[in-house]
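Q: Quick one: structure below, then a few questions.
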Protein chains: 2
Amino acid sequence: MNKPAIPKGTRDFLPVQMAGRKYIFSVLQQTFEKYGFLPLETPAMELQETLRGKYGEEGNQLIFNVLNSGDFLKEVDTAQPLQSSKILRHISKKALRYDLTVPLARVVAMYPNEIILPFRRYQMQPVWRADSPQKGRYQEFYQCDVDIIGTPSLTSEAELLTMIQDVFDTLRLPDIIIKINHRQLLSGIVEQLSLQDKETDVLVAIDKWDKIGTDGVLKELTQREINPEKAKELINMLSLKGDTIMVLQELAQKLNHSPKAQQGIQDLQKILNYLSAMNYSTERIQVDITLARGLSYYTGTIIEVKANNVQMGSILGGGRYDNLIGMFSGRDITAVGISFGVDRIYDVLKEKQLLPTNAYNSRVLVTQFHENLLENSLMVLSTLRKAGIATELYPEPKKIGKQFEYADKKGIPYVVIVGEDEVKTGIYSLKELKTGVQQSFSLQEIINHLKNS
Amino acid sequence: MNKPAIPKGTRDFLPVQMAGRKYIFSVLQQTFEKYGFLPLETPAMELQETLRGKYGEEGNQLIFNVLNSGDFLKEVDTAQPLQSSKILRHISKKALRYDLTVPLARVVAMYPNEIILPFRRYQMQPVWRADSPQKGRYQEFYQCDVDIIGTPSLTSEAELLTMIQDVFDTLRLPDIIIKINHRQLLSGIVEQLSLQDKETDVLVAIDKWDKIGTDGVLKELTQREINPEKAKELINMLSLKGDTIMVLQELAQKLNHSPKAQQGIQDLQKILNYLSAMNYSTERIQVDITLARGLSYYTGTIIEVKANNVQMGSILGGGRYDNLIGMFSGRDITAVGISFGVDRIYDVLKEKQLLPTNAYNSRVLVTQFHENLLENSLMVLSTLRKAGIATELYPEPKKIGKQFEYADKKGIPYVVIVGEDEVKTGIYSLKELKTGVQQSFSLQEIINHLKNS
């Protein structure tokens, strides 16, 4: 027999990992619901016509295609030599979803009567990408998306920025930096420098700032035949640092020839004002005009979160996007949303020892000495469970040492010993494994003790 | 543009359906955890060698195969005329999981150091089957499986039977019948009648009892050349009804020549005794010796649950199975488990109006009259959220009627009105939409009022 395995880039989540993941999901979910976001779930498989052509050529290659059932070649002329790219659409009508945004757009178009705009939804489900796992990427991973569909109000951005802070504060990871930018500010810089015909070149270079630094960007701009004077001016602006409100004011002065930039700056200022009105400080928010997060997607505000003092890429990304949600509806529908990177958040919390390690274990193991005493063990088991205490029974009358070993290995903190004396007197021994302390209690006393400790 | 659609046999779950489903999942999960079951999740895709050959020929046909990425024909000699069945294994290395049992068996084999036996695990994830959706079956549906791996103790069966009752009592659906049977009892009947060489014929006929009734089974037995005397004796035994403990006693007398039957009866009696020891009545439990639930799967106890007074098939199935979990480990590992049919449970609860209808909506909408008053609306919004009340803001200063309409359509029960007077005085109007009652409160009074209502 071959040693069993799972597909590359996929993972099993054993109980210990599940405890951490469920903890993160439950913090996210509770916070989303406090903000009035509603849950949505869509099927793992979408029709090819829904997914195809939505993610660019590179994205298309990464979609997992599902083979038609039965004789999948029946629509194919097999007498001819076949080519993968030509027969794909004949043998695969369905594919695994690649993200949660295209399904959301489909849902908005399919259920106009059920979905009331503005639509506030969250969705936490896996997506699949045939990415090369060597890059440390997974082929199956959860996305946790929160979006507000159908209103241009900048209060949406402000709400998302307070929600981000609530989530990471609740996860006891307050030491984060929230970077914001605005697509119009990026376009405005290009406008200010009269580089409209080089917009893509400029933005591609800016987007690499994080990876290649000032000199790299300068070099890149020169290679792309941008006037060295203008390149330097650009670098100056991109290097602006400091208090968020001050940076915006400085930019407003420097970009005084660009109506687009003024619009972007005004939007960001408004958002920051809204945050103050909600009594949230703007301390953790930093304007970063090098932030682009892919160039074609976002049309307004751009958001990214990183954890400080940890080697890790961004743990959240998002922004306003106007050209996606309406794609199946035949009209423009504005939207703003964020996506929590749960896998990375898990890794950061684990490194900082902020995850529960065995939260879902039983709290108590009830022992079983002898077939004759089993009914009493069962009574104890049932009584503790009825009191709401997660309890299990050691299922066989094996040596008591083996039963303790089981509790210890699994991390069950307490053992109730049900022996002959205990059955006679109704007084049971409760042992706490960590301390070794053993106390004699009635069942009611055990319940009280466990509820108060 | 084509009207968007989803693959046949799959479903979107919009917020209202999600509320009901999340309610069911949370009751299941909380009960599972009280019983010391640990969560497990496995990838949607498994390797073909893990899934193939595990579900019989019919099952194999229903597996959704995932096409290899890139040039999937590269290992295929395309100069030859191709056949679907011959090239499948060359173009598809992965497939969507068909159930949660084979992945569990794989996990038990892959992680011998992490998984401590007996292993109590639950798993709630979707599975995929290319079943014909006309039958009212879905191609994507959740399974909720709970299993105890690695102990032959009949206390496991007893625990599962109490847990089933806890779950349906918590779901306010106490009116259920739990049918139990035992594989050895079925074999014992065959043994008693000296029909060992016709075992499969007899069991196939018995398994149809529910669908074709007494006469049908009798006819089927005759067609399968079973002695009419023996067929009648069989029917007599299968028709035994009444108090569970009495039925078992009668069967013990009638099947006095079959050691197998005696073993099965003893097991069931023991399980019922354990239930009594746990202070659970056996009222809702019925021995049904026609219950087989597929013939090759279960090796011991067989369990099935139906809701009374509802037109609906079984809402739970399970039993003890000894030949599956060890399949990748190269040794026999006994197991007992149950699977909750969440889709059917949802339908039953919906029919009986036992589902929450809008549990995840905001409780409060904060209005927005005018750009000038927006900052005050934001302050109110944030204050209510910080008090833990799910609140949202109407994001634009539209007509107040439209804002109320939005709350009404979405089922948000309360509206806080933030107008000029309210901002001046700090006294806000809280309107309950259902009753139309409008009261004037300070923010703290609103919080108290909502927390107490």
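So you can find residues: chains in the structure tokens are A, B, ... in the order shown, residues in each start at 1, and ligands are numbered from 1 in order.
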Near Glu41 of chain B, within 7 Å and counting only C-alpha atoms, which residues show up once chain neighbours fewer than 2 positions away are dropped, as a PyMOL selection string?
A: (chain A and resi 12-14) or (chain B and resi 39+43+123)
Q: Applying 9 Å and only C-alpha atoms, which residues near Val310 of chain B remain after dropping the ones on its own chain fewer than 4 positions away? List them as a PDB file with N, CA and C atoms, in the first residue's frame.
A:
```pdb
ATOM      1  N   LYS B 306     -35.612   9.383  12.148  1.00  0.00           N
ATOM      2  CA  LYS B 306     -36.631  10.072  11.346  1.00  0.00           C
ATOM      3  C   LYS B 306     -37.404  11.035  12.238  1.00  0.00           C
ATOM      4  N   VAL B 348     -36.956  20.300   7.587  1.00  0.00           N
ATOM      5  CA  VAL B 348     -37.933  19.948   8.628  1.00  0.00           C
ATOM      6  C   VAL B 348     -38.143  21.132   9.573  1.00  0.00           C
ATOM      7  N   GLU B 351     -40.148  23.868   7.844  1.00  0.00           N
ATOM      8  CA  GLU B 351     -41.566  23.524   7.763  1.00  0.00           C
ATOM      9  C   GLU B 351     -42.256  23.746   9.107  1.00  0.00           C
TER      10      GLU B 351
END
```
Q: Find the spatial neighbours of Leu221 of chain B, counting only C-alpha atoms, within a cut-off of 10 Å - ignore same-chain residues fewer than 2 positions away - and output them as a list in words.
A: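 These residues fall inside the cut-off: Lys198, Asp201, Val202, Leu203, Val204, Ala205, Ile206, Asp215, Gly216, Val217, Leu218, Lys219, Gln223, Arg224, Glu225, Ile226, Asn227, Pro228, Lys230, Ala231, Lys232, Leu234 and Ile235 of chain B.
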Q: Could you check which of B:Gly337, B:Gly388, B:Gly319, B:Pro356 is closest to chain A, using only C-alpha atoms?
A: B:Gly388
Q: Tell me which protein, DNA and RNA residues are within 9 Å of Asp267 of chain B, counting only C-alpha atoms, leaving out same-chain ones fewer than 5 positions away, and put them as a list in words.
A: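 In the requested format, the answer is Leu154, His182, Gln262, Leu272, Gly300 and Thr301 of chain B.
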Q: Please identify all polymer residues within 8 Å of Val364 of chain B, counting only C-alpha atoms, omitting same-chain residues fewer than 4 positions from it, and present them as a list in words.
A: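 Contacts, with the query itself left out: Ile389, Ala390, Thr391, Glu392, Ile412, Pro413, Tyr414, Val415 and Val416 of chain B.
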Q: Filtering to all heavy atoms, could you give me those residues as a PDB file, in the first residue's frame?
A:
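Just written: again-v9.pdb:
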```
ATOM      1  N   ILE B 389     -23.766  46.326  20.449  1.00  0.00           N
ATOM      2  CA  ILE B 389     -25.035  46.238  19.723  1.00  0.00           C
ATOM      3  C   ILE B 389     -24.764  46.321  18.221  1.00  0.00           C
ATOM      4  O   ILE B 389     -24.120  47.267  17.752  1.00  0.00           O
ATOM      5  CB  ILE B 389     -25.977  47.381  20.171  1.00  0.00           C
ATOM      6  CG1 ILE B 389     -26.309  47.195  21.661  1.00  0.00           C
ATOM      7  CG2 ILE B 389     -27.249  47.416  19.332  1.00  0.00           C
ATOM      8  CD1 ILE B 389     -26.921  48.414  22.301  1.00  0.00           C
ATOM      9  N   ALA B 390     -25.252  45.307  17.477  1.00  0.00           N
ATOM     10  CA  ALA B 390     -25.029  45.288  16.029  1.00  0.00           C
ATOM     11  C   ALA B 390     -25.775  46.453  15.391  1.00  0.00           C
ATOM     12  O   ALA B 390     -27.007  46.522  15.436  1.00  0.00           O
ATOM     13  CB  ALA B 390     -25.503  43.961  15.435  1.00  0.00           C
ATOM     14  N   THR B 391     -25.026  47.372  14.830  1.00  0.00           N
ATOM     15  CA  THR B 391     -25.610  48.642  14.368  1.00  0.00           C
ATOM     16  C   THR B 391     -25.054  48.995  13.002  1.00  0.00           C
ATOM     17  O   THR B 391     -23.910  48.707  12.700  1.00  0.00           O
ATOM     18  CB  THR B 391     -25.233  49.775  15.353  1.00  0.00           C
ATOM     19  OG1 THR B 391     -25.557  49.364  16.668  1.00  0.00           O
ATOM     20  CG2 THR B 391     -25.975  51.067  15.038  1.00  0.00           C
ATOM     21  N   GLU B 392     -25.888  49.599  12.170  1.00  0.00           N
ATOM     22  CA  GLU B 392     -25.351  50.174  10.948  1.00  0.00           C
ATOM     23  C   GLU B 392     -25.905  51.572  10.704  1.00  0.00           C
ATOM     24  O   GLU B 392     -26.903  51.969  11.294  1.00  0.00           O
ATOM     25  CB  GLU B 392     -25.591  49.260   9.735  1.00  0.00           C
ATOM     26  CG  GLU B 392     -27.031  48.990   9.395  1.00  0.00           C
ATOM     27  CD  GLU B 392     -27.152  47.913   8.302  1.00  0.00           C
ATOM     28  OE1 GLU B 392     -27.089  48.277   7.123  1.00  0.00           O
ATOM     29  OE2 GLU B 392     -27.326  46.734   8.646  1.00  0.00           O
ATOM     30  N   ILE B 412     -34.450  45.217  10.035  1.00  0.00           N
ATOM     31  CA  ILE B 412     -33.741  45.813  11.183  1.00  0.00           C
ATOM     32  C   ILE B 412     -34.807  46.365  12.131  1.00  0.00           C
ATOM     33  O   ILE B 412     -35.620  47.188  11.724  1.00  0.00           O
ATOM     34  CB  ILE B 412     -32.801  46.950  10.718  1.00  0.00           C
ATOM     35  CG1 ILE B 412     -31.755  46.385   9.745  1.00  0.00           C
ATOM     36  CG2 ILE B 412     -32.148  47.653  11.897  1.00  0.00           C
ATOM     37  CD1 ILE B 412     -30.870  47.443   9.100  1.00  0.00           C
ATOM     38  N   PRO B 413     -34.840  45.915  13.389  1.00  0.00           N
ATOM     39  CA  PRO B 413     -36.008  46.242  14.231  1.00  0.00           C
ATOM     40  C   PRO B 413     -36.073  47.678  14.760  1.00  0.00           C
ATOM     41  O   PRO B 413     -37.153  48.187  15.012  1.00  0.00           O
ATOM     42  CB  PRO B 413     -35.934  45.230  15.377  1.00  0.00           C
ATOM     43  CG  PRO B 413     -34.525  44.738  15.398  1.00  0.00           C
ATOM     44  CD  PRO B 413     -33.970  44.899  14.014  1.00  0.00           C
ATOM     45  N   TYR B 414     -34.919  48.338  14.956  1.00  0.00           N
ATOM     46  CA  TYR B 414     -34.936  49.676  15.561  1.00  0.00           C
ATOM     47  C   TYR B 414     -34.239  50.711  14.675  1.00  0.00           C
ATOM     48  O   TYR B 414     -33.270  50.390  13.986  1.00  0.00           O
ATOM     49  CB  TYR B 414     -34.215  49.668  16.913  1.00  0.00           C
ATOM     50  CG  TYR B 414     -34.934  48.882  17.986  1.00  0.00           C
ATOM     51  CD1 TYR B 414     -34.608  47.554  18.222  1.00  0.00           C
ATOM     52  CD2 TYR B 414     -35.932  49.476  18.767  1.00  0.00           C
ATOM     53  CE1 TYR B 414     -35.265  46.821  19.213  1.00  0.00           C
ATOM     54  CE2 TYR B 414     -36.595  48.755  19.759  1.00  0.00           C
ATOM     55  CZ  TYR B 414     -36.254  47.431  19.970  1.00  0.00           C
ATOM     56  OH  TYR B 414     -36.905  46.730  20.947  1.00  0.00           O
ATOM     57  N   VAL B 415     -34.737  51.953  14.751  1.00  0.00           N
ATOM     58  CA  VAL B 415     -34.061  53.067  14.079  1.00  0.00           C
ATOM     59  C   VAL B 415     -33.784  54.163  15.109  1.00  0.00           C
ATOM     60  O   VAL B 415     -34.667  54.504  15.899  1.00  0.00           O
ATOM     61  CB  VAL B 415     -34.942  53.633  12.930  1.00  0.00           C
ATOM     62  CG1 VAL B 415     -34.281  54.878  12.320  1.00  0.00           C
ATOM     63  CG2 VAL B 415     -35.174  52.577  11.856  1.00  0.00           C
ATOM     64  N   VAL B 416     -32.548  54.666  15.127  1.00  0.00           N
ATOM     65  CA  VAL B 416     -32.236  55.839  15.954  1.00  0.00           C
ATOM     66  C   VAL B 416     -32.175  57.053  15.023  1.00  0.00           C
ATOM     67  O   VAL B 416     -31.443  57.042  14.031  1.00  0.00           O
ATOM     68  CB  VAL B 416     -30.884  55.693  16.685  1.00  0.00           C
ATOM     69  CG1 VAL B 416     -30.517  56.999  17.386  1.00  0.00           C
ATOM     70  CG2 VAL B 416     -30.949  54.563  17.698  1.00  0.00           C
TER      71      VAL B 416
END
```
Q: If we count only C-alpha atoms, what is near Asn448 of chain B at a cut-off of 12 Å, once residues fewer than 4 positions away on the same chain are taken out, given as a PyMOL selection string?
A: chain B and resi 384+387-389+441-444+452-453
Q: When DSSP is applied to the backbone of this structure, which of segment 3-146 of chain B are assigned strand (DSSP E)? Write them out as a PyMOL selection string.
A: chain B and resi 38-39+45-47+65-66+94-96+119-128+140-146
Q: Hey, what's within 8 Å of Ala5 of chain B if we count only C-alpha atoms and toss same-chain stuff fewer than 6 positions away? As a list in words, please?
A: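 Surrounding residues, per the criterion: Leu47, Thr50, Arg106 and Met110 of chain A.
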Q: Export C-alpha atoms of the chosen residues as an mmCIF file, in the first residue's frame?
A:
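Below is the file that was written, result_18.cif:
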```cif
data_model
loop_
_atom_site.group_PDB
_atom_site.id
_atom_site.type_symbol
_atom_site.label_atom_id
_atom_site.label_comp_id
_atom_site.auth_asym_id
_atom_site.auth_seq_id
_atom_site.Cartn_x
_atom_site.Cartn_y
_atom_site.Cartn_z
ATOM 1 C CA LEU A 47 -19.841 27.634 -14.428
ATOM 2 C CA THR A 50 -18.855 32.868 -14.882
ATOM 3 C CA ARG A 106 -22.909 36.922 -9.791
ATOM 4 C CA MET A 110 -28.987 36.833 -9.840
#
```
Q: Tell me which of B:Val108, B:Ile148, B:Val102, B:Leu82 sits closest to Arg52 of chain B, counting only C-alpha atoms.
A: B:Val102
Q: Per DSSP on the backbone, filter segment 60-225 of chain B down to the residues in alpha helix (DSSP H) and report them as a PyMOL selection string.
A: chain B and resi 60-62+84-91+101-110+155-170+183-192+199-207+209-223
Q: Could you check which of B:Tyr55, B:Phe72, B:Tyr406, B:Tyr122 is closest to Gln30 of chain B, using only C-alpha atoms?
A: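 Closest residue, counting only C-alpha atoms: B:Tyr122.
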Q: Taking only C-alpha atoms into account, which of A:Ile289, A:Met312, A:Ile245, A:Ala335 comes nearest Glu157 of chain A?
A: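 Among the listed residues, A:Ala335 lies closest to Glu157 of chain A.
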Q: With distances taken over only C-alpha atoms, which of A:Val167, A:Leu275, A:Ile285, A:Ile315 is nearest to chain B?
A: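 With only C-alpha atoms as the atom set, the closest residue is A:Leu275.
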Q: Smallest atom-to-atom distance to Leu433 of chain B: which of B:Asp288, B:Glu396, B:Glu140, B:Asp408, using only C-alpha atoms?
A: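 Nearest candidate to Leu433 of chain B out of B:Asp288, B:Glu396, B:Glu140, B:Asp408: B:Asp408.
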Q: Between atom CA of Ile6 of chain A and atom CA of Glu46 of chain B, measure the distance and give it in Å to one decimal.
A: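 Result for atom CA of Ile6 of chain A versus atom CA of Glu46 of chain B: 5.8 Å, one decimal.
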